[in-house]
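Structure data follow from my_file_33.txt (compact mmCIF, C-alpha atoms):
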```txt
# COMPACT_ATOMS: atom_id res chain seq x y z
CA ARG A 24 -27.11 7.89 -12.79
CA LYS A 25 -23.45 7.68 -13.76
CA GLN A 26 -20.55 7.20 -11.40
CA TYR A 27 -16.93 8.08 -12.09
CA VAL A 28 -14.44 6.53 -9.69
CA PRO A 29 -10.77 7.09 -10.59
CA LEU A 30 -8.13 5.45 -8.45
CA ASP A 31 -5.14 7.40 -7.20
CA GLY A 32 -2.09 6.34 -5.27
CA GLU A 33 -0.18 7.99 -2.46
CA ASP A 34 3.20 7.35 -4.12
CA GLY A 35 4.03 10.99 -4.67
CA GLU A 36 2.03 12.79 -2.02
CA ALA A 37 2.81 14.19 1.36
CA GLY A 38 0.82 16.34 3.68
CA GLY A 39 0.02 17.26 7.23
CA ASP A 40 2.16 18.30 10.15
CA GLU A 41 3.84 16.13 12.70
CA ASP A 42 2.30 15.94 16.14
CA ASP A 43 3.72 15.36 19.60
CA GLY A 44 1.98 12.02 20.01
CA GLU A 45 3.35 8.52 19.97
CA ALA A 46 6.97 8.23 18.88
CA LYS A 47 8.88 5.24 17.63
CA GLU A 48 12.59 5.11 18.43
CA GLY A 49 12.73 8.79 19.25
CA LYS A 50 10.98 9.89 16.07
CA THR A 51 7.95 12.15 16.10
CA ARG A 52 4.94 10.34 14.71
CA PRO A 53 3.24 12.00 11.72
CA GLN A 54 -0.23 13.38 12.22
CA GLU A 55 -2.93 11.01 10.98
CA LEU A 56 -4.56 12.20 7.77
CA THR A 57 -8.22 11.66 6.87
CA ASP A 58 -10.50 12.20 3.89
CA ALA A 59 -11.14 15.73 5.16
CA ASP A 60 -7.47 16.66 4.65
CA LEU A 61 -7.66 16.43 0.87
CA ASP A 62 -6.91 20.16 0.49
CA ARG A 63 -3.61 19.68 2.33
CA ARG A 64 -2.15 17.29 -0.22
CA ILE A 65 1.26 18.37 -1.54
CA PRO A 66 2.33 16.24 -4.52
CA SER A 67 5.92 15.93 -5.64
CA PRO A 68 6.61 17.50 -9.06
CA ALA A 69 6.34 14.10 -10.77
CA PHE A 70 2.75 13.68 -9.54
CA GLU A 71 1.33 17.17 -9.95
CA SER A 72 -0.67 15.99 -12.97
CA TRP A 73 -2.35 13.35 -10.79
CA LYS A 74 -3.53 15.99 -8.32
CA TYR A 75 -4.80 18.08 -11.21
CA LEU A 76 -6.86 15.12 -12.45
CA GLU A 77 -8.26 14.57 -8.96
CA THR A 78 -9.33 18.20 -8.74
CA LEU A 79 -10.86 17.98 -12.20
CA VAL A 80 -12.85 14.88 -11.29
CA LEU A 81 -14.13 16.35 -8.02
CA SER A 82 -15.26 19.47 -9.86
CA LEU A 83 -17.74 17.30 -11.78
CA SER A 84 -19.93 16.97 -8.69
CA SER A 85 -21.96 19.95 -9.91
CA LYS A 86 -23.03 17.98 -12.98
CA GLU A 87 -26.53 16.56 -12.85
CA LYS A 88 -26.81 12.77 -12.53
CA LEU A 89 -23.06 12.36 -12.09
CA ARG A 90 -21.45 11.20 -8.84
CA PRO A 91 -17.67 11.57 -8.99
CA HIS A 92 -15.45 9.94 -6.37
CA VAL A 93 -11.68 9.80 -6.01
CA ILE A 94 -10.22 6.80 -4.20
CA ALA A 95 -6.73 7.55 -2.90
CA ALA A 96 -5.12 4.17 -2.30
CA GLY A 97 -2.09 3.55 -0.14
CA ILE A 98 0.85 1.54 -1.44
CA LEU A 99 -0.62 -1.59 -2.97
CA TYR A 100 0.41 -5.12 -2.05
CA GLY A 101 -0.93 -8.59 -2.83
CA ASN A 102 -1.68 -10.63 -5.97
CA GLY A 103 1.91 -10.76 -7.20
CA GLU A 104 3.37 -7.50 -5.88
CA THR A 105 4.75 -4.43 -7.63
CA VAL A 106 6.35 -2.02 -5.16
CA PHE A 107 7.43 -4.80 -2.79
CA ASN A 108 8.32 -7.27 -5.55
CA GLU A 109 12.09 -6.87 -5.17
CA TYR A 110 11.87 -7.70 -1.45
CA PHE A 111 9.69 -10.78 -2.02
CA GLN A 112 11.87 -11.93 -4.92
CA ALA A 113 15.15 -11.58 -3.04
CA ALA A 114 13.67 -13.34 -0.01
CA TRP A 115 12.41 -16.22 -2.19
CA LEU A 116 15.88 -16.60 -3.72
CA THR A 117 17.49 -16.22 -0.24
CA GLN A 118 19.59 -13.36 -1.59
CA PRO A 119 20.80 -10.97 1.15
CA THR A 120 20.20 -7.90 -0.99
CA GLN A 121 17.40 -6.30 1.02
CA ALA A 122 18.13 -3.03 2.77
CA VAL A 123 16.24 -0.46 4.78
CA LEU A 124 16.67 3.16 3.81
CA HIS A 125 17.91 5.17 6.77
CA PRO A 126 16.43 5.63 9.30
CA GLY A 127 13.67 3.10 8.48
CA THR A 128 11.23 4.49 11.05
CA ASN A 129 9.06 6.20 8.43
CA TYR A 130 5.45 5.06 8.15
CA ILE A 131 4.22 3.68 4.82
CA PRO A 132 0.42 3.54 4.36
CA CYS A 133 -0.51 0.32 2.55
CA VAL A 134 -3.56 -1.56 1.34
CA HIS A 135 -4.22 -4.89 -0.32
CA VAL A 136 -5.29 -4.53 -3.94
CA ARG A 137 -8.40 -6.63 -3.25
CA ASP A 138 -9.53 -4.24 -0.52
CA VAL A 139 -9.27 -1.33 -2.96
CA ALA A 140 -11.39 -3.27 -5.46
CA ARG A 141 -13.95 -3.99 -2.74
CA LEU A 142 -14.14 -0.32 -1.82
CA VAL A 143 -14.81 0.53 -5.48
CA LYS A 144 -17.63 -2.02 -5.43
CA VAL A 145 -19.09 -0.55 -2.24
CA VAL A 146 -19.09 2.92 -3.82
CA HIS A 147 -20.68 1.61 -7.00
CA VAL A 148 -23.51 -0.47 -5.55
CA ARG A 149 -24.52 1.79 -2.66
CA ASP A 150 -27.97 3.31 -2.44
CA PRO A 151 -27.84 6.69 -4.27
CA SER A 152 -29.68 8.29 -1.36
CA THR A 153 -26.84 7.34 1.03
CA GLU A 154 -24.32 10.09 1.61
CA MET A 155 -20.70 9.22 0.88
CA GLY A 156 -17.61 11.38 0.67
CA LYS A 157 -16.23 12.36 -2.71
CA TYR A 158 -12.63 11.75 -1.65
CA LEU A 159 -12.01 8.35 -0.06
CA ILE A 160 -8.76 7.06 1.41
CA ALA A 161 -8.14 3.34 0.94
CA VAL A 162 -5.63 1.99 3.47
CA ASP A 163 -5.62 -0.92 5.89
CA LYS A 164 -5.63 -0.48 9.65
CA ALA A 165 -1.95 -1.23 10.24
CA ARG A 166 0.60 1.42 11.16
CA LEU A 167 3.79 -0.08 9.78
CA THR A 168 7.22 1.43 9.35
CA GLN A 169 9.50 0.73 6.43
CA ALA A 170 11.75 -1.43 8.62
CA GLU A 171 8.82 -3.50 9.91
CA ILE A 172 7.60 -4.21 6.37
CA VAL A 173 10.99 -5.26 4.99
CA GLN A 174 11.92 -7.31 8.06
CA GLY A 175 8.51 -9.01 8.03
CA ILE A 176 8.86 -10.08 4.40
CA VAL A 177 12.33 -11.52 4.96
CA ASN A 178 11.30 -13.36 8.15
CA GLN A 179 8.28 -14.91 6.42
CA ILE A 180 9.84 -16.09 3.16
CA SER A 181 13.58 -16.39 3.81
CA LYS A 182 16.00 -17.02 6.64
CA LYS A 183 15.60 -14.60 9.50
CA ALA A 184 18.39 -12.06 9.36
CA GLU A 185 19.04 -8.51 10.44
CA ILE A 186 18.42 -6.10 7.56
CA PRO A 187 21.15 -3.47 7.10
CA LEU A 188 20.47 0.25 7.05
CA ILE A 189 21.78 2.19 4.06
CA SER A 190 21.70 5.80 2.95
CA SER A 191 18.97 6.71 0.49
CA ASP A 192 21.72 8.03 -1.79
CA ASP A 193 23.09 4.49 -2.08
CA ALA A 194 19.72 2.93 -2.96
CA ARG A 195 19.10 1.86 -6.54
CA SER A 196 15.49 0.81 -6.15
CA GLU A 197 12.92 2.00 -8.67
CA PHE A 198 10.58 2.65 -5.75
CA LYS A 199 13.01 4.49 -3.48
CA ASP A 200 10.69 7.49 -3.13
CA VAL A 201 7.82 5.22 -2.12
CA MET A 202 9.87 3.52 0.56
CA MET A 203 10.74 6.93 2.02
CA LEU A 204 7.13 8.07 2.46
CA ASP A 205 6.23 9.07 6.00
CA LEU A 206 2.45 9.19 6.26
CA ILE A 207 -0.21 7.79 8.55
CA MET A 208 -3.65 7.68 6.96
CA GLU A 209 -7.05 6.71 8.31
CA PRO A 210 -9.35 4.47 6.24
CA SER A 211 -12.41 6.18 4.84
CA ALA A 212 -15.82 5.72 6.46
CA PRO A 213 -16.98 2.88 4.14
CA MET A 214 -13.89 0.85 5.08
CA LYS A 215 -14.42 1.49 8.79
CA ALA A 216 -17.98 0.19 8.61
CA SER A 217 -18.54 -3.20 10.25
CA SER A 218 -20.05 -4.48 7.00
CA PHE A 219 -16.94 -3.86 4.89
CA PRO A 220 -15.61 -7.22 3.56
CA TRP A 221 -11.92 -6.85 4.44
CA TRP A 222 -9.32 -9.14 2.90
CA CYS A 223 -6.31 -7.82 4.85
CA ARG A 224 -7.69 -5.47 7.47
CA ASP A 225 -4.73 -5.73 9.82
CA GLY A 226 -2.07 -5.02 7.22
CA LEU A 227 0.72 -6.66 5.28
CA VAL A 228 2.84 -8.04 8.13
CA ALA A 229 -0.13 -9.57 9.97
CA ASN A 230 -1.22 -11.32 6.76
CA LEU A 231 2.13 -12.36 5.31
CA ASP A 232 1.12 -16.04 5.19
CA LYS A 233 -1.70 -15.10 2.82
CA VAL A 234 0.25 -12.49 0.83
CA ALA A 235 3.31 -14.75 0.40
CA ALA A 236 1.06 -17.52 -0.93
CA GLU A 237 -0.45 -15.04 -3.41
CA PHE A 238 3.02 -13.96 -4.50
CA CYS A 239 4.05 -17.55 -5.22
CA LYS A 240 0.80 -18.26 -7.06
CA TRP A 241 0.81 -15.15 -9.26
CA ARG A 242 4.54 -15.48 -10.04
CA ASN A 243 4.21 -19.24 -10.56
CA LEU A 244 6.95 -19.97 -8.03
CA ARG A 245 7.43 -23.55 -6.90
CA PRO A 246 10.31 -25.08 -4.99
CA ILE A 247 12.51 -27.41 -7.05
CA LYS A 248 12.82 -30.92 -5.66
CA MET A 249 15.70 -33.14 -6.79
CA VAL A 250 16.51 -36.77 -6.11
CA MET A 251 20.15 -37.93 -6.43
CA MET A 252 20.65 -41.67 -6.87
CA GLY A 253 23.93 -43.49 -7.01
CA PRO A 254 26.72 -44.96 -4.95
CA PRO A 255 27.88 -43.26 -1.74
CA GLY A 256 29.41 -39.85 -2.43
CA SER A 257 27.72 -39.38 -5.82
CA GLY A 258 25.77 -36.40 -4.58
CA ALA A 259 28.74 -34.62 -3.05
```

Before we go any further, please render this structure as structure tokens.
Amino acid sequence: RKQYVPLDGEDGEAGGDEDDGEAKEGKTRPQELTDADLDRRIPSPAFESWKYLETLVLSLSSKEKLRPHVIAAGILYGNGETVFNEYFQAAWLTQPTQAVLHPGTNYIPCVHVRDVARLVKVVHVRDPSTEMGKYLIAVDKARLTQAEIVQGIVNQISKKAEIPLISSDDARSEFKDVMMLDLIMEPSAPMKASSFPWWCRDGLVANLDKVAAEFCKWRNLRPIKMVMMGPPGSGA
């Protein structure tokens, strides 16, 4: 029996309505999205082809001896970074270039890359007789805003400082659209199972010690140590 498990990201998707639940700094909290909300996905024009591929893959479920699954991963972090690389890099270099895009209270669903890989493994090795959804959301259990993520990275790696707010029009980041996402997503059933081998269950900020160490390892970053020897004043 063959399995086809493409990985998708939430970079260009939005969906769902806002509810009247918990608010943060006067902002209405987005409604939590689950696997069952897959038909409510609204991709940006740049990612319409991704949604088409997802639909195409899911349509293969009618094929005999083929089990298609789509894993929709949140914004990936860990093992060297991609989206959050500029924040880690600037913090490592103690450069005060980080900024939060106004208002900063938007929620960004994230997941460690290892947890996505472990979900793929769970899907692959499961008993074929066990029911599992065709569309699986891969996110950790944190509910972090943009400001909390950026501030957490700076506090962990660099000197603690207040991060300025800037207009999105002034941002030059390659991942500006990602940082402006406002989604809350619930992990799929396999990730909520007690047997799931989480690497960063509680999210990026709660595991910054681990993630920062991975960043330094994968980027081969080591602090430079210098010894100055000579008469008094030679190192001035």

Between A:Met203, A:Ile65, A:Trp73, A:Glu185, which residue has the minimum interatomic distance to A:Gly127, considering only C-alpha atoms?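 Residue with the minimum atom-to-atom distance to A:Gly127: A:Met203.
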
Exercise on stretch 136-150 of chain A, axis-aligned box with 6 Å per side, report centre and edge lengths in Å to one decimal, as JSON:
```
{"center_x": -16.6, "center_y": -1.7, "center_z": -3.8, "size_x": 34.7, "size_y": 21.9, "size_z": 18.5}
```

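For the atom pair formed by atom CA of A:Pro91 and atom CA of A:Val143, the distance is 11.9 Å, given to one decimal.
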
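Distance check against A:Val177 using all atoms listed in the file: of A:Asp192, A:Glu197, A:Glu109, A:Asp138, the minimum falls on A:Glu109.
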
Excluding A:Leu116 and its own-chain neighbours fewer than 3 positions away, which residues fall within 12 Å of it when counting only C-alpha atoms? Please give them as JSON, numbers by chain. {"A": [109, 110, 111, 112, 113, 119, 120, 121, 177, 180, 181, 182, 239, 244, 245, 246, 247]}

So that I have them on file, write out the residues from the current selection with C-alpha atoms, as a PDB file, in the frame of the given file.
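Wrote out33.pdb, looks like this:
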```pdb
ATOM      1  CA  GLU A 109      12.090  -6.870  -5.170  1.00  0.00           C
ATOM      2  CA  TYR A 110      11.870  -7.700  -1.450  1.00  0.00           C
ATOM      3  CA  PHE A 111       9.690 -10.780  -2.020  1.00  0.00           C
ATOM      4  CA  GLN A 112      11.870 -11.930  -4.920  1.00  0.00           C
ATOM      5  CA  ALA A 113      15.150 -11.580  -3.040  1.00  0.00           C
ATOM      6  CA  PRO A 119      20.800 -10.970   1.150  1.00  0.00           C
ATOM      7  CA  THR A 120      20.200  -7.900  -0.990  1.00  0.00           C
ATOM      8  CA  GLN A 121      17.400  -6.300   1.020  1.00  0.00           C
ATOM      9  CA  VAL A 177      12.330 -11.520   4.960  1.00  0.00           C
ATOM     10  CA  ILE A 180       9.840 -16.090   3.160  1.00  0.00           C
ATOM     11  CA  SER A 181      13.580 -16.390   3.810  1.00  0.00           C
ATOM     12  CA  LYS A 182      16.000 -17.020   6.640  1.00  0.00           C
ATOM     13  CA  CYS A 239       4.050 -17.550  -5.220  1.00  0.00           C
ATOM     14  CA  LEU A 244       6.950 -19.970  -8.030  1.00  0.00           C
ATOM     15  CA  ARG A 245       7.430 -23.550  -6.900  1.00  0.00           C
ATOM     16  CA  PRO A 246      10.310 -25.080  -4.990  1.00  0.00           C
ATOM     17  CA  ILE A 247      12.510 -27.410  -7.050  1.00  0.00           C
TER      18      ILE A 247
END
```

Proximity check stretch 86-202 of chain A to stretch 54-61 of chain A, 7 Å, nearest pairs one decimal Å, all atoms listed in the file, as CSV:
```
residue,atom,partner,partner_atom,distance
A:Tyr158,CA,A:Asp58,CA,6.0
A:Leu159,CA,A:Asp58,CA,5.7
A:Ile160,CA,A:Asp58,CA,6.0
```

Using only C-alpha atoms, which of the listed residues (A:Ile189, A:Met208, A:Ala194, A:Leu124) sits closest to A:Ala95?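 Under the stated criterion, the closest residue is A:Met208.
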
Interatomic distance between atom CA of A:Arg195 and atom CA of A:Asn108?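 Between atom CA of A:Arg195 and atom CA of A:Asn108 the gap works out to 14.2 Å.
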
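Residues within 12 Å of A:Arg224, counting all atoms listed in the file and excluding same-chain residues fewer than 3 positions away, are Cys133, Val134, His135, Val136, Arg137, Asp138, Val139, Ala161, Val162, Asp163, Lys164, Ala165, Arg166, Pro210, Met214, Lys215, Ala216, Ser217, Phe219, Pro220, Trp221, Leu227, Val228, Ala229 and Asn230 of chain A.
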
I'd like the interatomic distance between atom CA of A:Gly97 and atom CA of A:Pro132, to a tenth of an Å. 5.2 Å

Quick one: of A:Ile94, A:Leu142, A:Lys248, A:Ala170, who's nearest to A:Val80, counting only C-alpha atoms?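 Nearest candidate to A:Val80 out of A:Ile94, A:Leu142, A:Lys248, A:Ala170: A:Ile94.
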
Env of stretch 144-157 of chain A: 7 Å cut, atoms = all atoms listed in the file, seq-sep filter 3 positions within chain, self excluded. Answer as an NGL selection string. :A and (81 or 91-93 or 140-141)

Got a sec to check which residues sit within 12 Å of (-4.6, -14.9, -6.4), counting all atoms listed in the file, and write them as a PyMOL selection string? chain A and resi 100-104+135-137+222+233-243

Since we have the selection now, will you write its residues out, keeping C-alpha atoms, as a compact mmCIF listing (two decimals), keeping the file's coordinate frame?
```txt
# COMPACT_ATOMS: atom_id res chain seq x y z
CA TYR A 100 0.41 -5.12 -2.05
CA GLY A 101 -0.93 -8.59 -2.83
CA ASN A 102 -1.68 -10.63 -5.97
CA GLY A 103 1.91 -10.76 -7.20
CA GLU A 104 3.37 -7.50 -5.88
CA HIS A 135 -4.22 -4.89 -0.32
CA VAL A 136 -5.29 -4.53 -3.94
CA ARG A 137 -8.40 -6.63 -3.25
CA TRP A 222 -9.32 -9.14 2.90
CA LYS A 233 -1.70 -15.10 2.82
CA VAL A 234 0.25 -12.49 0.83
CA ALA A 235 3.31 -14.75 0.40
CA ALA A 236 1.06 -17.52 -0.93
CA GLU A 237 -0.45 -15.04 -3.41
CA PHE A 238 3.02 -13.96 -4.50
CA CYS A 239 4.05 -17.55 -5.22
CA LYS A 240 0.80 -18.26 -7.06
CA TRP A 241 0.81 -15.15 -9.26
CA ARG A 242 4.54 -15.48 -10.04
CA ASN A 243 4.21 -19.24 -10.56
```

Which of these residues is nearest to A:His125, using all atoms listed in the file: A:Leu231, A:Ile186, A:Ile207, A:Cys223?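 Looking only at the distances to A:His125, the closest residue turns out to be A:Ile186.
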
Selecting N, CA and C atoms, how would stretch 214-246 of chain A from this structure be written as a PDB file, in the first residue's frame?
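In the end it all went to decode_35.pdb:
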```pdb
ATOM      1  N   MET A 214      -0.851  14.493  16.792  1.00  0.00           N
ATOM      2  CA  MET A 214       0.063  15.283  17.616  1.00  0.00           C
ATOM      3  C   MET A 214      -0.495  15.503  19.012  1.00  0.00           C
ATOM      4  N   LYS A 215      -1.810  15.407  19.173  1.00  0.00           N
ATOM      5  CA  LYS A 215      -2.410  15.571  20.489  1.00  0.00           C
ATOM      6  C   LYS A 215      -2.396  14.279  21.296  1.00  0.00           C
ATOM      7  N   ALA A 216      -2.065  13.171  20.646  1.00  0.00           N
ATOM      8  CA  ALA A 216      -2.006  11.893  21.340  1.00  0.00           C
ATOM      9  C   ALA A 216      -0.869  11.888  22.369  1.00  0.00           C
ATOM     10  N   SER A 217      -1.083  11.229  23.478  1.00  0.00           N
ATOM     11  CA  SER A 217      -0.069  11.187  24.543  1.00  0.00           C
ATOM     12  C   SER A 217       1.202  10.481  24.095  1.00  0.00           C
ATOM     13  N   SER A 218       1.113   9.669  23.062  1.00  0.00           N
ATOM     14  CA  SER A 218       2.278   8.918  22.582  1.00  0.00           C
ATOM     15  C   SER A 218       3.136   9.695  21.591  1.00  0.00           C
ATOM     16  N   PHE A 219       2.691  10.886  21.188  1.00  0.00           N
ATOM     17  CA  PHE A 219       3.463  11.627  20.180  1.00  0.00           C
ATOM     18  C   PHE A 219       4.783  12.113  20.782  1.00  0.00           C
ATOM     19  N   PRO A 220       5.914  11.855  20.108  1.00  0.00           N
ATOM     20  CA  PRO A 220       7.242  12.196  20.664  1.00  0.00           C
ATOM     21  C   PRO A 220       7.634  13.648  20.390  1.00  0.00           C
ATOM     22  N   TRP A 221       7.040  14.571  21.104  1.00  0.00           N
ATOM     23  CA  TRP A 221       7.297  15.999  20.876  1.00  0.00           C
ATOM     24  C   TRP A 221       8.766  16.352  21.092  1.00  0.00           C
ATOM     25  N   TRP A 222       9.242  17.302  20.297  1.00  0.00           N
ATOM     26  CA  TRP A 222      10.553  17.904  20.509  1.00  0.00           C
ATOM     27  C   TRP A 222      10.394  19.290  21.141  1.00  0.00           C
ATOM     28  N   CYS A 223       9.415  20.055  20.652  1.00  0.00           N
ATOM     29  CA  CYS A 223       9.145  21.389  21.205  1.00  0.00           C
ATOM     30  C   CYS A 223       7.632  21.583  21.328  1.00  0.00           C
ATOM     31  N   ARG A 224       7.023  20.837  22.195  1.00  0.00           N
ATOM     32  CA  ARG A 224       5.571  20.877  22.339  1.00  0.00           C
ATOM     33  C   ARG A 224       5.061  22.255  22.736  1.00  0.00           C
ATOM     34  N   ASP A 225       5.785  22.919  23.638  1.00  0.00           N
ATOM     35  CA  ASP A 225       5.288  24.175  24.200  1.00  0.00           C
ATOM     36  C   ASP A 225       5.717  25.409  23.427  1.00  0.00           C
ATOM     37  N   GLY A 226       6.295  25.221  22.252  1.00  0.00           N
ATOM     38  CA  GLY A 226       6.543  26.358  21.371  1.00  0.00           C
ATOM     39  C   GLY A 226       7.947  26.913  21.401  1.00  0.00           C
ATOM     40  N   LEU A 227       8.165  27.879  20.519  1.00  0.00           N
ATOM     41  CA  LEU A 227       9.485  28.467  20.316  1.00  0.00           C
ATOM     42  C   LEU A 227      10.013  29.178  21.551  1.00  0.00           C
ATOM     43  N   VAL A 228       9.231  30.074  22.128  1.00  0.00           N
ATOM     44  CA  VAL A 228       9.719  30.877  23.252  1.00  0.00           C
ATOM     45  C   VAL A 228      10.044  30.005  24.459  1.00  0.00           C
ATOM     46  N   ALA A 229       9.226  29.011  24.735  1.00  0.00           N
ATOM     47  CA  ALA A 229       9.456  28.131  25.888  1.00  0.00           C
ATOM     48  C   ALA A 229      10.683  27.244  25.694  1.00  0.00           C
ATOM     49  N   ASN A 230      11.123  27.087  24.454  1.00  0.00           N
ATOM     50  CA  ASN A 230      12.265  26.211  24.167  1.00  0.00           C
ATOM     51  C   ASN A 230      13.424  26.961  23.524  1.00  0.00           C
ATOM     52  N   LEU A 231      13.548  28.243  23.825  1.00  0.00           N
ATOM     53  CA  LEU A 231      14.586  29.048  23.163  1.00  0.00           C
ATOM     54  C   LEU A 231      15.998  28.612  23.525  1.00  0.00           C
ATOM     55  N   ASP A 232      16.206  28.060  24.714  1.00  0.00           N
ATOM     56  CA  ASP A 232      17.532  27.527  25.054  1.00  0.00           C
ATOM     57  C   ASP A 232      17.941  26.469  24.025  1.00  0.00           C
ATOM     58  N   LYS A 233      17.034  25.555  23.758  1.00  0.00           N
ATOM     59  CA  LYS A 233      17.292  24.467  22.821  1.00  0.00           C
ATOM     60  C   LYS A 233      17.420  24.982  21.388  1.00  0.00           C
ATOM     61  N   VAL A 234      16.502  25.848  20.976  1.00  0.00           N
ATOM     62  CA  VAL A 234      16.487  26.343  19.594  1.00  0.00           C
ATOM     63  C   VAL A 234      17.694  27.240  19.322  1.00  0.00           C
ATOM     64  N   ALA A 235      18.090  28.058  20.287  1.00  0.00           N
ATOM     65  CA  ALA A 235      19.269  28.913  20.111  1.00  0.00           C
ATOM     66  C   ALA A 235      20.533  28.066  19.975  1.00  0.00           C
ATOM     67  N   ALA A 236      20.617  26.987  20.746  1.00  0.00           N
ATOM     68  CA  ALA A 236      21.771  26.086  20.630  1.00  0.00           C
ATOM     69  C   ALA A 236      21.806  25.431  19.254  1.00  0.00           C
ATOM     70  N   GLU A 237      20.628  25.056  18.722  1.00  0.00           N
ATOM     71  CA  GLU A 237      20.562  24.494  17.371  1.00  0.00           C
ATOM     72  C   GLU A 237      21.004  25.509  16.337  1.00  0.00           C
ATOM     73  N   PHE A 238      20.578  26.753  16.511  1.00  0.00           N
ATOM     74  CA  PHE A 238      20.948  27.808  15.565  1.00  0.00           C
ATOM     75  C   PHE A 238      22.467  27.969  15.514  1.00  0.00           C
ATOM     76  N   CYS A 239      23.099  28.013  16.672  1.00  0.00           N
ATOM     77  CA  CYS A 239      24.551  28.169  16.715  1.00  0.00           C
ATOM     78  C   CYS A 239      25.260  26.959  16.104  1.00  0.00           C
ATOM     79  N   LYS A 240      24.723  25.768  16.351  1.00  0.00           N
ATOM     80  CA  LYS A 240      25.343  24.555  15.822  1.00  0.00           C
ATOM     81  C   LYS A 240      25.225  24.492  14.305  1.00  0.00           C
ATOM     82  N   TRP A 241      24.023  24.715  13.779  1.00  0.00           N
ATOM     83  CA  TRP A 241      23.797  24.584  12.345  1.00  0.00           C
ATOM     84  C   TRP A 241      24.469  25.707  11.560  1.00  0.00           C
ATOM     85  N   ARG A 242      24.614  26.875  12.174  1.00  0.00           N
ATOM     86  CA  ARG A 242      25.270  28.008  11.503  1.00  0.00           C
ATOM     87  C   ARG A 242      26.759  28.092  11.844  1.00  0.00           C
ATOM     88  N   ASN A 243      27.221  27.112  12.640  1.00  0.00           N
ATOM     89  CA  ASN A 243      28.634  27.057  13.039  1.00  0.00           C
ATOM     90  C   ASN A 243      29.079  28.373  13.680  1.00  0.00           C
ATOM     91  N   LEU A 244      28.308  28.855  14.627  1.00  0.00           N
ATOM     92  CA  LEU A 244      28.606  30.106  15.316  1.00  0.00           C
ATOM     93  C   LEU A 244      29.295  29.815  16.644  1.00  0.00           C
ATOM     94  N   ARG A 245      30.427  30.445  16.837  1.00  0.00           N
ATOM     95  CA  ARG A 245      31.175  30.289  18.081  1.00  0.00           C
ATOM     96  C   ARG A 245      31.707  31.645  18.516  1.00  0.00           C
ATOM     97  N   PRO A 246      31.626  31.950  19.786  1.00  0.00           N
ATOM     98  CA  PRO A 246      32.152  33.243  20.235  1.00  0.00           C
ATOM     99  C   PRO A 246      33.669  33.302  20.063  1.00  0.00           C
TER     100      PRO A 246
END
```
